[in-house]
Protein chains: 2
Amino acid sequence: MPRAGLNRAAVVDLALAVVDDGEFEGLTLAAVAGRAGVAVPSLYKHVAGLADLRREVALRAVAELVARLREATEGRRGADAVTAVAHAVRGYAAERPGRYAAVQAAPALGDDPQGRLGAVSAEAVDVIADALRAAGVAGSGDDVVHVVRVVRAAVHGFVDLERRGGFGLPQDRDASFARLVDVLVAGLPITAPRATRAAAPPGGPGRPRGR
Amino acid sequence: MPRAGLNRAAVVDLALAVVDDGEFEGLTLAAVAGRAGVAVPSLYKHVAGLADLRREVALRAVAELVARLREATEGRRGADAVTAVAHAVRGYAAERPGRYAAVQAAPALGDDPQGRLGAVSAEAVDVIADALRAAGVAGSGDDVVHVVRVVRAAVHGFVDLERRGGFGLPQDRDASFARLVDVLVAGLPITAPRATRAAAPPGGPGRPRGR
DNA sequence: GGCGTTGGCTAATACCCTTAGCTTTCTGGC
DNA sequence: GCCAGAAAGCTAAGGGTATTAGCCAACGCC
């Protein structure tokens, strides 16, 4: 009887694949074992159990989202960075709903023995904070924290409601999202002006505004 | 062997009790049966299964939240209504985290045979819409829809992140929430002025601002 | 080539939901 | 007051899930 040649990374890859065609809640050892062509208990040779696997999936997802945020805010500051963050998050959730759910579930996933999850989550906050700090968000460090929370909350709330089917009416959701971003930009203490449409930052002209 | 005297409403009551000391995900037929002092299959005499029970719990929770929103917006319009809605939602989530999770899970709960859940959800949106419409939110009906979505998204996002432990830093979350409300009020097209502190609306002076 | 490590397996336990079918209790009409 | 029939409980059984224990075969290295 030949071996399947699994290892921890491969198991997590399969778990991500499971999450990608389903919900995060649908991540099950049985599903992963099925894809691996292996009996369920065999997975315990690579992973400490379902909780461990969930944690690992969340870690990957958060890291991936951080990378996207970094890329999206590259060279942008202030209002423009807020817009970029908003669209990056919504885009990620649309593309990979299961992974986005994993990101959200991350804090509740318990032990986090090496604190890796906490570290990479803090990184996510830093990426946003840096973009805002560089844009003149008012002095005190606490202020930046509050502003980052406001941005995260607003964007996450919209994305989460959308993902869960919370918007029952037929009106255009892209327009609603654009509206949300406008409200954020208008209400936040950002000194850097919003980039004009003519002098569009990297990403090319006509960067999608409504998606 | 005496009867337990259950009925559909009583089973749902017990389910709500289960949800109230745990998470919505922890709602299990076994737990309900345990509280009822009854074997698990007996519940099927009153409820069509776990999915049905979940739906019923969600229905109750949404109705309860709607009632609170109605009460909170009573006599308030515009900016003040937005503040009231925000605090009502956050207060409900803090007081009954499991039920708030049920509200959020509602749209994903499937069939909703009589459309009761859809109806009461629409009611929730209407309560907010009415308060804003009466406050001069600009003309077209679509505009009201977008604004209501912005408010719902921002508030829900904050509450959801908070509930999930998504705010790792020690800074005061009440202050962050107040900031979020300020951003909403500042960014929305509300004509009605914010009620002055001196002429505080029903609820008494010094209504909690940071909770 | 042997031997230890490793990665698979089966078996067993303990949860969970759900269906089927039985029995007991309550209730309502005569 | 009695006697159906309906309603509400039960046990038994079957199919998911995760997890632990213990076995055995394959791989790799000396």
# chains A, B, ... in the order shown; residues from 1 in each chain; ligands from 1
call {"tool": "interface_residues", "arguments": {"of": "chain A", "to": "chain C", "cutoff": "10 Å", "atoms": "only C-alpha atoms (C1' of nucleotides)", "output": "VMD selection string"}}
result
chain A and resid 1 to 7 38 to 39 41 to 43 45 to 46
call {"tool": "interface_residues", "arguments": {"of": "chain A", "to": "chain B", "cutoff": "10 Å", "atoms": "only C-alpha atoms", "output": "PyMOL selection string"}}
result
chain A and resi 103-109+118+121-122+125+141-143+145-189
call {"tool": "atom_distance", "arguments": {"atom1": "CA of Arg55 (chain A)", "atom2": "CA of Asp21 (chain B)"}}
result
24.7 Å
call {"tool": "interface_residues", "arguments": {"of": "chain D", "to": "chain B", "cutoff": "8 Å", "atoms": "only C-alpha atoms (C1' of nucleotides)", "output": "list in words"}}
result
DA8, DG9 and DC10 of chain D
call {"tool": "select_by_dssp", "arguments": {"residues": "region 5-79 of chain B", "states": "alpha helix (DSSP H)", "output": "PyMOL selection string"}}
result
chain B and resi 8-20+29-36+50-73+78-79
call {"tool": "atom_distance", "arguments": {"atom1": "CA of Val120 (chain B)", "atom2": "CA of Ala63 (chain B)"}}
result
6.3 Å
call {"tool": "atom_distance", "arguments": {"atom1": "CA of Ala58 (chain B)", "atom2": "CA of Leu27 (chain B)"}}
result
11.5 Å
call {"tool": "residues_around", "arguments": {"residues": "Glu71 (chain A)", "least_positions_apart": "6", "cutoff": "12 Å", "atoms": "only C-alpha atoms (C1' of nucleotides)", "output": "number ranges by chain"}}
result
A: 64-65, 81, 84-85, 87-89, 124, 127-128, 131, 202-203
call {"tool": "write_last_selection", "arguments": {"atoms": "all heavy atoms", "output": "PDB file, in the first residue's frame"}}
result
ATOM      1  N   GLU A  64      -2.393  36.164   3.888  1.00  0.00           N
ATOM      2  CA  GLU A  64      -2.707  36.481   2.498  1.00  0.00           C
ATOM      3  C   GLU A  64      -3.400  37.844   2.398  1.00  0.00           C
ATOM      4  O   GLU A  64      -3.083  38.667   1.523  1.00  0.00           O
ATOM      5  CB  GLU A  64      -3.615  35.384   1.930  1.00  0.00           C
ATOM      6  CG  GLU A  64      -3.816  35.421   0.448  1.00  0.00           C
ATOM      7  CD  GLU A  64      -4.626  34.207  -0.024  1.00  0.00           C
ATOM      8  OE1 GLU A  64      -5.547  33.776   0.697  1.00  0.00           O
ATOM      9  OE2 GLU A  64      -4.325  33.701  -1.109  1.00  0.00           O
ATOM     10  N   LEU A  65      -4.327  38.070   3.315  1.00  0.00           N
ATOM     11  CA  LEU A  65      -5.037  39.354   3.301  1.00  0.00           C
ATOM     12  C   LEU A  65      -4.077  40.503   3.599  1.00  0.00           C
ATOM     13  O   LEU A  65      -4.150  41.567   2.967  1.00  0.00           O
ATOM     14  CB  LEU A  65      -6.186  39.328   4.312  1.00  0.00           C
ATOM     15  CG  LEU A  65      -7.008  40.616   4.415  1.00  0.00           C
ATOM     16  CD1 LEU A  65      -7.580  41.008   3.068  1.00  0.00           C
ATOM     17  CD2 LEU A  65      -8.127  40.457   5.443  1.00  0.00           C
ATOM     18  N   ALA A  81      -5.762  55.795   0.480  1.00  0.00           N
ATOM     19  CA  ALA A  81      -5.419  54.525   1.110  1.00  0.00           C
ATOM     20  C   ALA A  81      -6.669  53.877   1.704  1.00  0.00           C
ATOM     21  O   ALA A  81      -6.853  52.655   1.625  1.00  0.00           O
ATOM     22  CB  ALA A  81      -4.361  54.741   2.194  1.00  0.00           C
ATOM     23  N   ALA A  84      -8.483  52.274  -1.028  1.00  0.00           N
ATOM     24  CA  ALA A  84      -7.773  51.078  -1.484  1.00  0.00           C
ATOM     25  C   ALA A  84      -7.985  49.918  -0.510  1.00  0.00           C
ATOM     26  O   ALA A  84      -8.240  48.775  -0.922  1.00  0.00           O
ATOM     27  CB  ALA A  84      -6.287  51.385  -1.629  1.00  0.00           C
ATOM     28  N   VAL A  85      -7.901  50.215   0.768  1.00  0.00           N
ATOM     29  CA  VAL A  85      -8.116  49.176   1.773  1.00  0.00           C
ATOM     30  C   VAL A  85      -9.523  48.602   1.641  1.00  0.00           C
ATOM     31  O   VAL A  85      -9.724  47.385   1.631  1.00  0.00           O
ATOM     32  CB  VAL A  85      -7.910  49.745   3.196  1.00  0.00           C
ATOM     33  CG1 VAL A  85      -8.503  48.812   4.242  1.00  0.00           C
ATOM     34  CG2 VAL A  85      -6.432  49.964   3.462  1.00  0.00           C
ATOM     35  N   HIS A  87     -11.571  48.488  -0.870  1.00  0.00           N
ATOM     36  CA  HIS A  87     -11.791  47.647  -2.046  1.00  0.00           C
ATOM     37  C   HIS A  87     -10.973  46.365  -1.995  1.00  0.00           C
ATOM     38  O   HIS A  87     -11.395  45.330  -2.495  1.00  0.00           O
ATOM     39  CB  HIS A  87     -11.497  48.436  -3.319  1.00  0.00           C
ATOM     40  CG  HIS A  87     -12.557  49.453  -3.618  1.00  0.00           C
ATOM     41  ND1 HIS A  87     -12.326  50.810  -3.564  1.00  0.00           N
ATOM     42  CD2 HIS A  87     -13.868  49.325  -3.922  1.00  0.00           C
ATOM     43  CE1 HIS A  87     -13.443  51.461  -3.844  1.00  0.00           C
ATOM     44  NE2 HIS A  87     -14.400  50.593  -4.055  1.00  0.00           N
ATOM     45  N   ALA A  88      -9.815  46.447  -1.374  1.00  0.00           N
ATOM     46  CA  ALA A  88      -8.998  45.235  -1.250  1.00  0.00           C
ATOM     47  C   ALA A  88      -9.710  44.208  -0.381  1.00  0.00           C
ATOM     48  O   ALA A  88      -9.779  43.016  -0.717  1.00  0.00           O
ATOM     49  CB  ALA A  88      -7.633  45.584  -0.661  1.00  0.00           C
ATOM     50  N   VAL A  89     -10.264  44.671   0.719  1.00  0.00           N
ATOM     51  CA  VAL A  89     -10.937  43.752   1.629  1.00  0.00           C
ATOM     52  C   VAL A  89     -12.178  43.166   0.967  1.00  0.00           C
ATOM     53  O   VAL A  89     -12.398  41.956   0.984  1.00  0.00           O
ATOM     54  CB  VAL A  89     -11.327  44.457   2.946  1.00  0.00           C
ATOM     55  CG1 VAL A  89     -12.219  43.572   3.787  1.00  0.00           C
ATOM     56  CG2 VAL A  89     -10.076  44.841   3.718  1.00  0.00           C
ATOM     57  N   ALA A 124      -1.646  43.274  10.182  1.00  0.00           N
ATOM     58  CA  ALA A 124      -2.737  43.802   9.360  1.00  0.00           C
ATOM     59  C   ALA A 124      -3.130  45.195   9.845  1.00  0.00           C
ATOM     60  O   ALA A 124      -3.304  46.123   9.051  1.00  0.00           O
ATOM     61  CB  ALA A 124      -3.940  42.865   9.421  1.00  0.00           C
ATOM     62  N   VAL A 127      -0.507  47.804   8.885  1.00  0.00           N
ATOM     63  CA  VAL A 127      -0.505  48.249   7.490  1.00  0.00           C
ATOM     64  C   VAL A 127      -1.470  49.418   7.312  1.00  0.00           C
ATOM     65  O   VAL A 127      -1.147  50.446   6.702  1.00  0.00           O
ATOM     66  CB  VAL A 127      -0.886  47.095   6.536  1.00  0.00           C
ATOM     67  CG1 VAL A 127      -1.121  47.621   5.129  1.00  0.00           C
ATOM     68  CG2 VAL A 127       0.201  46.042   6.535  1.00  0.00           C
ATOM     69  N   ILE A 128      -2.655  49.255   7.890  1.00  0.00           N
ATOM     70  CA  ILE A 128      -3.646  50.326   7.783  1.00  0.00           C
ATOM     71  C   ILE A 128      -3.193  51.547   8.579  1.00  0.00           C
ATOM     72  O   ILE A 128      -3.274  52.685   8.107  1.00  0.00           O
ATOM     73  CB  ILE A 128      -5.019  49.833   8.292  1.00  0.00           C
ATOM     74  CG1 ILE A 128      -5.450  48.593   7.495  1.00  0.00           C
ATOM     75  CG2 ILE A 128      -6.059  50.933   8.172  1.00  0.00           C
ATOM     76  CD1 ILE A 128      -6.762  48.001   7.968  1.00  0.00           C
ATOM     77  N   ALA A 131      -0.551  53.648   6.802  1.00  0.00           N
ATOM     78  CA  ALA A 131      -1.068  54.464   5.703  1.00  0.00           C
ATOM     79  C   ALA A 131      -1.774  55.702   6.242  1.00  0.00           C
ATOM     80  O   ALA A 131      -1.694  56.781   5.661  1.00  0.00           O
ATOM     81  CB  ALA A 131      -2.016  53.643   4.833  1.00  0.00           C
ATOM     82  N   PRO A 202      -0.845  54.697  -8.845  1.00  0.00           N
ATOM     83  CA  PRO A 202      -0.587  53.386  -9.461  1.00  0.00           C
ATOM     84  C   PRO A 202      -1.825  52.499  -9.415  1.00  0.00           C
ATOM     85  O   PRO A 202      -2.538  52.467  -8.436  1.00  0.00           O
ATOM     86  CB  PRO A 202       0.529  52.800  -8.597  1.00  0.00           C
ATOM     87  CG  PRO A 202       0.917  53.855  -7.611  1.00  0.00           C
ATOM     88  CD  PRO A 202       0.222  55.115  -7.989  1.00  0.00           C
ATOM     89  N   GLY A 203      -2.019  51.769 -10.452  1.00  0.00           N
ATOM     90  CA  GLY A 203      -3.234  50.978 -10.541  1.00  0.00           C
ATOM     91  C   GLY A 203      -3.959  51.396 -11.799  1.00  0.00           C
ATOM     92  O   GLY A 203      -4.858  50.722 -12.264  1.00  0.00           O
TER      93      GLY A 203
END
